[in-house]
Amino acid sequence: MKKRTNLLALVLSITAITFTLLGCSSDTGQKKSIAAPGSATETGGGADQASADESINEQVLVDQDGIKITATEYVTDSIWGDGIKLLVENNSAKDYTIGCDALIVNDYMITDLFSSDVAAGKKSNEVMYLSSTELKAAGIDTVGQIEMYFHAYDSNWDNLFKNVYSKLETSEFANMDTTPNDAGQELYNANGVRIVGKTVDENSFWGTAILLYIENTSGQNVGINVDNMSINGYMMTPLFSTTVYDGKKSIDDITIMSSDLEANGITSVDQVELKFHIYNAESYDTIADSDAITFTAQ
């Protein structure tokens, strides 16, 4: 179990560092607005990172099958950003790894940086960090509501439980802004799923990033992939897969590796064509496959 634990911790650390680097690099890179061919463009931007004025009352989030998780404090770290301090207690007879299936802040899907290994009969103080880059991209400057879906599994990867829901309101709940950060060009709107193209960043950490706003009112949790993507007429292999819970929103990047662009002599992203594959996140049944969507970066 220790090898798996160390590997997971390493992955989380690399992910956290990547988020930090992404935040630093994307702010200085050249960004283009997205528009349908021949149309006017819209502009919009995110807000600053959460203000750290938030606080919480101590609250039990999970008390199930011998696992108890208590939110004790709202904290801010100069490197990792904002987070929730958690006391994780394992009163069962087995060792467990506790983590998150989904984290939702102010109705936006946000990547959590949280995993805790707790031996039987022990407890641990942990912090669930909220990705500062994703808060900024969503336009969240005041964290008012945090929704969490917890899981626990043993050394054989067998689940003790999963998708256990809990909601936490901060002292700024009444002041949080729920206006969607959806400025941009609408690319898809059907089947309860709306996708807006916001910007193309040609100097993101991995290469080029196409920023999307996604809203799900379909009545089911959905997954979204990208198929048949081309840039300036050349086929690409996009890095993109996202899950958006019902009634929630998300800001996500389609990443194009710089090596793909260089191999095709592309120095400027001008025209993009792609299809969206939308499916039920639990059953993987197809909800829709979009027609080819074309847009320009200006």
# chains A, B, ... in the order shown; residues from 1 in each chain; ligands from 1
$ select_by_dssp --residues "range 25-148 of chain A" --states "alpha helix (DSSP H)" --output "ChimeraX atom specification"
/A:25-28,132-137
$ closest_atom_pairs --of "range 96-159 of chain A" --to "range 56-68 of chain A" --cutoff "9 Å" --atoms "only C-alpha atoms" --output "tab-separated table"
residue	atom	partner	partner_atom	distance
A:Tyr96	CA	A:Ile67	CA	8.9
A:Ile98	CA	A:Ile67	CA	8.9
A:Met148	CA	A:Leu61	CA	8.6
A:Phe150	CA	A:Val62	CA	8.1
A:Ala152	CA	A:Ile67	CA	8.4
$ write_last_selection --atoms "all heavy atoms" --output "PDB file, in the first residue's frame"
ATOM      1  N   TYR A  96      -7.363   2.893   5.267  1.00  0.00           N
ATOM      2  CA  TYR A  96      -8.101   3.409   4.109  1.00  0.00           C
ATOM      3  C   TYR A  96      -7.445   4.657   3.542  1.00  0.00           C
ATOM      4  O   TYR A  96      -6.801   5.422   4.273  1.00  0.00           O
ATOM      5  CB  TYR A  96      -9.558   3.737   4.476  1.00  0.00           C
ATOM      6  CG  TYR A  96     -10.429   2.509   4.583  1.00  0.00           C
ATOM      7  CD1 TYR A  96     -10.787   1.988   5.831  1.00  0.00           C
ATOM      8  CD2 TYR A  96     -10.883   1.854   3.439  1.00  0.00           C
ATOM      9  CE1 TYR A  96     -11.572   0.850   5.941  1.00  0.00           C
ATOM     10  CE2 TYR A  96     -11.672   0.708   3.538  1.00  0.00           C
ATOM     11  CZ  TYR A  96     -12.006   0.222   4.779  1.00  0.00           C
ATOM     12  OH  TYR A  96     -12.787  -0.913   4.879  1.00  0.00           O
ATOM     13  N   ILE A  98      -8.579   8.084   1.749  1.00  0.00           N
ATOM     14  CA  ILE A  98      -9.768   8.915   1.608  1.00  0.00           C
ATOM     15  C   ILE A  98      -9.465  10.025   0.612  1.00  0.00           C
ATOM     16  O   ILE A  98      -8.409  10.660   0.659  1.00  0.00           O
ATOM     17  CB  ILE A  98     -10.207   9.510   2.964  1.00  0.00           C
ATOM     18  CG1 ILE A  98     -10.701   8.397   3.909  1.00  0.00           C
ATOM     19  CG2 ILE A  98     -11.334  10.526   2.790  1.00  0.00           C
ATOM     20  CD1 ILE A  98      -9.648   7.797   4.771  1.00  0.00           C
ATOM     21  N   MET A 148     -18.691  18.632  -1.849  1.00  0.00           N
ATOM     22  CA  MET A 148     -17.686  17.574  -1.918  1.00  0.00           C
ATOM     23  C   MET A 148     -18.347  16.209  -2.014  1.00  0.00           C
ATOM     24  O   MET A 148     -19.351  15.960  -1.358  1.00  0.00           O
ATOM     25  CB  MET A 148     -16.793  17.622  -0.669  1.00  0.00           C
ATOM     26  CG  MET A 148     -15.990  18.902  -0.528  1.00  0.00           C
ATOM     27  SD  MET A 148     -15.684  19.382   1.203  1.00  0.00           S
ATOM     28  CE  MET A 148     -17.282  20.111   1.627  1.00  0.00           C
ATOM     29  N   PHE A 150     -17.073  12.444  -1.380  1.00  0.00           N
ATOM     30  CA  PHE A 150     -15.934  11.708  -0.832  1.00  0.00           C
ATOM     31  C   PHE A 150     -15.993  10.222  -1.174  1.00  0.00           C
ATOM     32  O   PHE A 150     -17.069   9.636  -1.346  1.00  0.00           O
ATOM     33  CB  PHE A 150     -15.898  11.855   0.694  1.00  0.00           C
ATOM     34  CG  PHE A 150     -15.470  13.207   1.179  1.00  0.00           C
ATOM     35  CD1 PHE A 150     -16.420  14.157   1.563  1.00  0.00           C
ATOM     36  CD2 PHE A 150     -14.132  13.552   1.255  1.00  0.00           C
ATOM     37  CE1 PHE A 150     -16.035  15.403   2.022  1.00  0.00           C
ATOM     38  CE2 PHE A 150     -13.738  14.806   1.690  1.00  0.00           C
ATOM     39  CZ  PHE A 150     -14.695  15.737   2.083  1.00  0.00           C
ATOM     40  N   ALA A 152     -13.698   6.364  -0.087  1.00  0.00           N
ATOM     41  CA  ALA A 152     -12.678   5.692   0.727  1.00  0.00           C
ATOM     42  C   ALA A 152     -12.462   4.297   0.144  1.00  0.00           C
ATOM     43  O   ALA A 152     -13.422   3.585  -0.165  1.00  0.00           O
ATOM     44  CB  ALA A 152     -13.126   5.593   2.183  1.00  0.00           C
TER      45      ALA A 152
END
$ residues_around --residues "Leu86 in chain A" --least-positions-apart "2" --cutoff "7 Å" --atoms "only C-alpha atoms" --output "VMD selection string"
chain A and resid 69 to 72 84 88 125 to 127
$ write_last_selection --atoms "N, CA, C and O atoms" --output "mmCIF file, in the first residue's frame"
data_model
loop_
_atom_site.group_PDB
_atom_site.id
_atom_site.type_symbol
_atom_site.label_atom_id
_atom_site.label_comp_id
_atom_site.auth_asym_id
_atom_site.auth_seq_id
_atom_site.Cartn_x
_atom_site.Cartn_y
_atom_site.Cartn_z
ATOM 1 N N ILE A 69 -14.986 12.643 8.839
ATOM 2 C CA ILE A 69 -14.255 13.768 8.253
ATOM 3 C C ILE A 69 -14.890 15.055 8.752
ATOM 4 O O ILE A 69 -16.079 15.286 8.546
ATOM 5 N N THR A 70 -14.074 15.894 9.396
ATOM 6 C CA THR A 70 -14.572 17.143 9.969
ATOM 7 C C THR A 70 -13.824 18.321 9.356
ATOM 8 O O THR A 70 -12.592 18.341 9.339
ATOM 9 N N ALA A 71 -14.569 19.282 8.829
ATOM 10 C CA ALA A 71 -13.967 20.527 8.353
ATOM 11 C C ALA A 71 -13.757 21.428 9.557
ATOM 12 O O ALA A 71 -14.697 21.736 10.285
ATOM 13 N N THR A 72 -12.513 21.862 9.786
ATOM 14 C CA THR A 72 -12.198 22.608 11.004
ATOM 15 C C THR A 72 -11.858 24.070 10.764
ATOM 16 O O THR A 72 -12.034 24.905 11.653
ATOM 17 N N ILE A 84 -9.493 23.943 2.674
ATOM 18 C CA ILE A 84 -10.262 23.589 3.868
ATOM 19 C C ILE A 84 -9.452 22.592 4.683
ATOM 20 O O ILE A 84 -9.045 21.539 4.174
ATOM 21 N N VAL A 88 -9.357 13.948 9.595
ATOM 22 C CA VAL A 88 -9.826 12.665 9.073
ATOM 23 C C VAL A 88 -9.559 11.588 10.126
ATOM 24 O O VAL A 88 -8.406 11.376 10.524
ATOM 25 N N ASN A 125 -4.571 15.236 10.246
ATOM 26 C CA ASN A 125 -4.952 16.584 9.832
ATOM 27 C C ASN A 125 -4.490 16.802 8.394
ATOM 28 O O ASN A 125 -3.319 16.616 8.080
ATOM 29 N N GLU A 126 -5.400 17.195 7.532
ATOM 30 C CA GLU A 126 -5.120 17.376 6.117
ATOM 31 C C GLU A 126 -5.706 18.701 5.649
ATOM 32 O O GLU A 126 -6.526 19.306 6.338
ATOM 33 N N VAL A 127 -5.288 19.136 4.454
ATOM 34 C CA VAL A 127 -5.904 20.306 3.831
ATOM 35 C C VAL A 127 -6.351 19.931 2.421
ATOM 36 O O VAL A 127 -5.565 19.379 1.639
#
$ closest_atom_pairs --of "range 86-122 of chain A" --to "range 210-215 of chain A" --cutoff "10 Å" --atoms "only C-alpha atoms" --output "tab-separated table"
residue	atom	partner	partner_atom	distance
A:Asp107	CA	A:Glu215	CA	9.9
A:Tyr108	CA	A:Glu215	CA	9.1
A:Met109	CA	A:Ile214	CA	9.8
$ write_last_selection --atoms "C-alpha atoms" --output "compact mmCIF listing (two decimals), in the first residue's frame"
# COMPACT_ATOMS: atom_id res chain seq x y z
CA ASP A 107 -21.39 25.66 -8.63
CA TYR A 108 -18.14 25.27 -10.64
CA MET A 109 -16.32 21.95 -10.95
$ atom_distance --atom1 "CA of Thr179 in chain A" --atom2 "CA of Glu147 in chain A"
18.0 Å
$ residues_around --residues "Asn228 in chain A" --least-positions-apart "6" --cutoff "8 Å" --atoms "only C-alpha atoms" --output "PyMOL selection string"
chain A and resi 235-236+273-275
